[in-house]
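Scroll down for the structure; my scribbles are underneath it.
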Amino acid sequence: MIEAQGLTRRYGEFTAVEGISFSVADGEILGILGPNGAGKTTTIRMITGFLPPSSGRVTVNGHDLFHEPIKARREIGYLPETVALYGEMRVSEYLAYRAQLEGMSRGDARAAIPRTIDSCLLGDVSHQIISTLSKGYRQRVGLAAAILHGPRVLVLDEPTVGLDPKQIIAIRELIRDLGQKRTLMISTHILPEVEQLCRRVLIIDRGRLIAEGTPTELREQAQGSSILRLTVKNATPDIVDILARLEGIESATERSENDQQIAELSPEERAATRVELGYSQAIDPRETVFRTAVEQGWVLLEMVEKKASLEDVFVRLTGQEADTPADVQANMPAEPTTIETDSEEVAS
Ligand code: ATP
């Protein structure tokens with residue numbers, strides 16, 4: 001559906017995006033993940049035809065975005081980071097205006113507006129002045145405007161930024177619904193958003209594509225190994241060295257009384273040593289670890305396998321923490337920057 005080849009964007013001497021290539025299949029939900037300033041918005045703006053690349057090309061459903069821009073852009077609905085809504089208009093008026101901008105006929109617009117209001121759950125506010133709507137509802141209006149002309153691809157740039165936890169849940173549900181009938185691309189720096197919504201992920205860092213795959217593939221790829229967490233009483237000072245030498249063990253690290261409050265620990269646990277072992281998935285070291293503990297006279301209080309999270313992958317690849325806001329964690333089954341305009345930008 002979308003093919004991007006060698007997309008590069010320079011701002012003077014600075015290269016914001018360099019040689020990014022990827023494709024998005026029909027019906028796919030693709031996440032673009034990256035820390036702030038990684039080049040997500042720049043990539044998305046090139047894909048949606050709002051910013052010409054310095055080099056590279058994009059085709060949408062076979063139409064080259066720069067040779068056949070009208071045909072290509074007709075296939076795309078775009079929700080930018082900051083939506084330019086006309087606050088003084090009513091929701092339905094604004095959608096009628098957007099239909100006009102999209103070049104829709106009166107008949108098409110008349111059919112599409114109520115349908116879109118319905119699918120974006122805007123029925124109760126369709127006659128309300130936009131400036132009086134909550135941020136969550138304004139985002140719905142932005143989504144409605146993006147899908148009004150019936151695009152097959154929907155591109156969303158940080159769609160939940162700036163929303164409160166309840167609004168985030170509602171917008172994600174809406175995005176999930178909209179994604180059932182469309183190809184979806186979502187940029188975000190919020191990991192749970194990717195885990196919840198996307199089947200495939202591109203990780204961008206400093207303008208380059210550094211990883212690509214399903215969340216599961218990325219976890220396996222980046223880790224290549226699993227982690228065993230041990231809690232050991234009566235450990236000898238050489239415990240880490242001994243464990244590190246066992247077959248299949250790739251790393252052994254002693255951990256401090258970290259993720260648990262000391263007060264919550266039993267007296268035995270307080271005297272315990274915690275060790276994390278990284279091991280190759282080809283060899284299960286649990287039995288050897290157990291036998292070694294017995295031989296050494298260590299008391300193995302706990303041995304737990306820890307699965308790598310997408311967060312581990314992200315930190316390992318980019319060296320940066322991703323955003324996992326408290327509200328997002330609390331609502332698991334899970335903010336706009338104004339982009340400076342550039343003189344070469346294509347008018348929307
Ligand atoms: P965020 O999550 O913070 O929005 P991002 O991944 O979307 O970040 P971009 O907005 O694409 O990142 O920016 C990538 C880099 O390009 C940044 O270093 C940014 O400062 C720079 N950049 C973006 N637009 C311009 C511009 N018009 N002129 C100069 N530099 C720019």
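The chains in the structure tokens are called A, B, ... from first to last as shown; in each chain the residues are counted from 1, and the ligands are counted from 1 in the order shown.
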
Using only C-alpha atoms and all ligand atoms, which residues of the polymer chains come no farther than 8 Å from ligand 1? I'd like the answer as an NGL selection string. :A and (11-12 or 14-17 or 34-44 or 81 or 158 or 187-189 or 204-207 or 336-337 or 339-342)

File dump, residues just selected, C-alpha atoms, as a PDB file, in the first residue's frame:
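Output below, filename out.pdb:
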```
ATOM      1  CA  TYR A  11      17.552  20.975   6.851  1.00  0.00           C
ATOM      2  CA  GLY A  12      20.645  22.848   5.716  1.00  0.00           C
ATOM      3  CA  PHE A  14      21.426  18.843   9.395  1.00  0.00           C
ATOM      4  CA  THR A  15      20.023  15.505   8.248  1.00  0.00           C
ATOM      5  CA  ALA A  16      16.742  14.850  10.080  1.00  0.00           C
ATOM      6  CA  VAL A  17      15.955  11.597   8.236  1.00  0.00           C
ATOM      7  CA  GLY A  34      11.375   6.607  18.366  1.00  0.00           C
ATOM      8  CA  PRO A  35      12.561   9.034  21.005  1.00  0.00           C
ATOM      9  CA  ASN A  36      11.860  12.758  20.736  1.00  0.00           C
ATOM     10  CA  GLY A  37      13.563  14.282  17.744  1.00  0.00           C
ATOM     11  CA  ALA A  38      14.197  10.886  16.107  1.00  0.00           C
ATOM     12  CA  GLY A  39      12.581  11.924  12.833  1.00  0.00           C
ATOM     13  CA  LYS A  40       9.105  10.399  13.158  1.00  0.00           C
ATOM     14  CA  THR A  41       7.164  13.528  12.226  1.00  0.00           C
ATOM     15  CA  THR A  42       9.548  14.319   9.393  1.00  0.00           C
ATOM     16  CA  THR A  43       9.085  10.792   8.001  1.00  0.00           C
ATOM     17  CA  ILE A  44       5.311  10.979   8.324  1.00  0.00           C
ATOM     18  CA  GLU A  81       0.532  16.221  15.750  1.00  0.00           C
ATOM     19  CA  GLU A 158       1.244  11.020  18.148  1.00  0.00           C
ATOM     20  CA  SER A 187       3.880   7.440  15.217  1.00  0.00           C
ATOM     21  CA  THR A 188       4.430   7.487  18.937  1.00  0.00           C
ATOM     22  CA  HIS A 189       7.055   7.530  21.632  1.00  0.00           C
ATOM     23  CA  ILE A 204      13.730   5.238  14.250  1.00  0.00           C
ATOM     24  CA  ASP A 205      16.614   6.861  16.036  1.00  0.00           C
ATOM     25  CA  ARG A 206      18.603   9.925  14.983  1.00  0.00           C
ATOM     26  CA  GLY A 207      16.954   9.869  11.575  1.00  0.00           C
ATOM     27  CA  PRO A 336       1.729  18.089  20.443  1.00  0.00           C
ATOM     28  CA  THR A 337       4.765  19.994  19.332  1.00  0.00           C
ATOM     29  CA  ILE A 339       6.431  21.945  13.827  1.00  0.00           C
ATOM     30  CA  GLU A 340       8.311  24.858  12.429  1.00  0.00           C
ATOM     31  CA  THR A 341       7.347  25.332   8.865  1.00  0.00           C
ATOM     32  CA  ASP A 342       9.898  25.160   6.199  1.00  0.00           C
TER      33      ASP A 342
END
```

Find the spatial neighbours of Gly150 of chain A, counting only C-alpha atoms, within a cut-off of 9 Å - ignore same-chain residues fewer than 3 positions away - and output them as a list in words.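 So, after excluding close chain neighbours, the residues are Arg74, Glu75, Ile76, Gly77, Ala112, Ala146, Ile147 and Val153 of chain A.
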
Could you jot down the atom CA of Met185 of chain A to atom CA of Tyr78 of chain A separation for me, Å, one decimal place?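 Separation between atom CA of Met185 of chain A and atom CA of Tyr78 of chain A: 9.5 Å.
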
Please extract the residues of segment 89-225 of chain A with a backbone DSSP assignment of strand (DSSP E or B) and present them as JSON, numbers by chain. {"A": [90, 129, 153, 154, 155, 156, 157, 183, 184, 185, 186, 187, 188, 190, 200, 201, 202, 203, 204, 205, 208, 209, 210, 211, 212, 213, 225]}

Please list as an NGL selection string every residue within 12 Å of Arg115 of chain A, counting only C-alpha atoms and excluding residues in the same chain fewer than 3 positions away. :A and (92 or 95 or 108-112 or 118-123 or 126 or 144-145 or 147-150)

Which residues come within 10 Å of segment 235-238 of chain A, counting only C-alpha atoms, excluding same-chain residues fewer than 3 positions away, as a VMD selection string? chain A and resid 231 to 232 241 to 243 271 to 274 293 296 to 300

Neighbouring residues of Ile130 of chain A were defined as those with any atom within 12 Å, considering only C-alpha atoms; residues of the same chain fewer than 6 positions away were excluded. Please report them as a list in words. Ala84, Leu85, Tyr86, Gly87, Glu88, Met89, Arg90, Val91, Ser92, Glu93, Tyr94, Leu95, Leu122, Gly136, Tyr137, Arg138, Gln139, Arg140, Val141 and Gly142 of chain A

Between atom CA of Leu317 of chain A and atom CA of Arg245 of chain A, what is the spacing in Å?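 Going from atom CA of Arg245 of chain A over to atom CA of Leu317 of chain A covers 26.6 Å.
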
May I have all residues of segment 91-312 of chain A that DSSP, computed from the backbone, assigns to helix (DSSP H, G or I), given as a PyMOL selection string? chain A and resi 91-101+106-119+123-125+130-132+135-147+165-179+191-197+215-223+239-244+262-264+267-270+286-296+310-312

Given only C-alpha atoms as the counted atoms, nearest of A:Asp157, A:Leu184, A:Lys71, A:Glu102 to Asp26 of chain A: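 Selected residue with least distance to Asp26 of chain A: A:Leu184.
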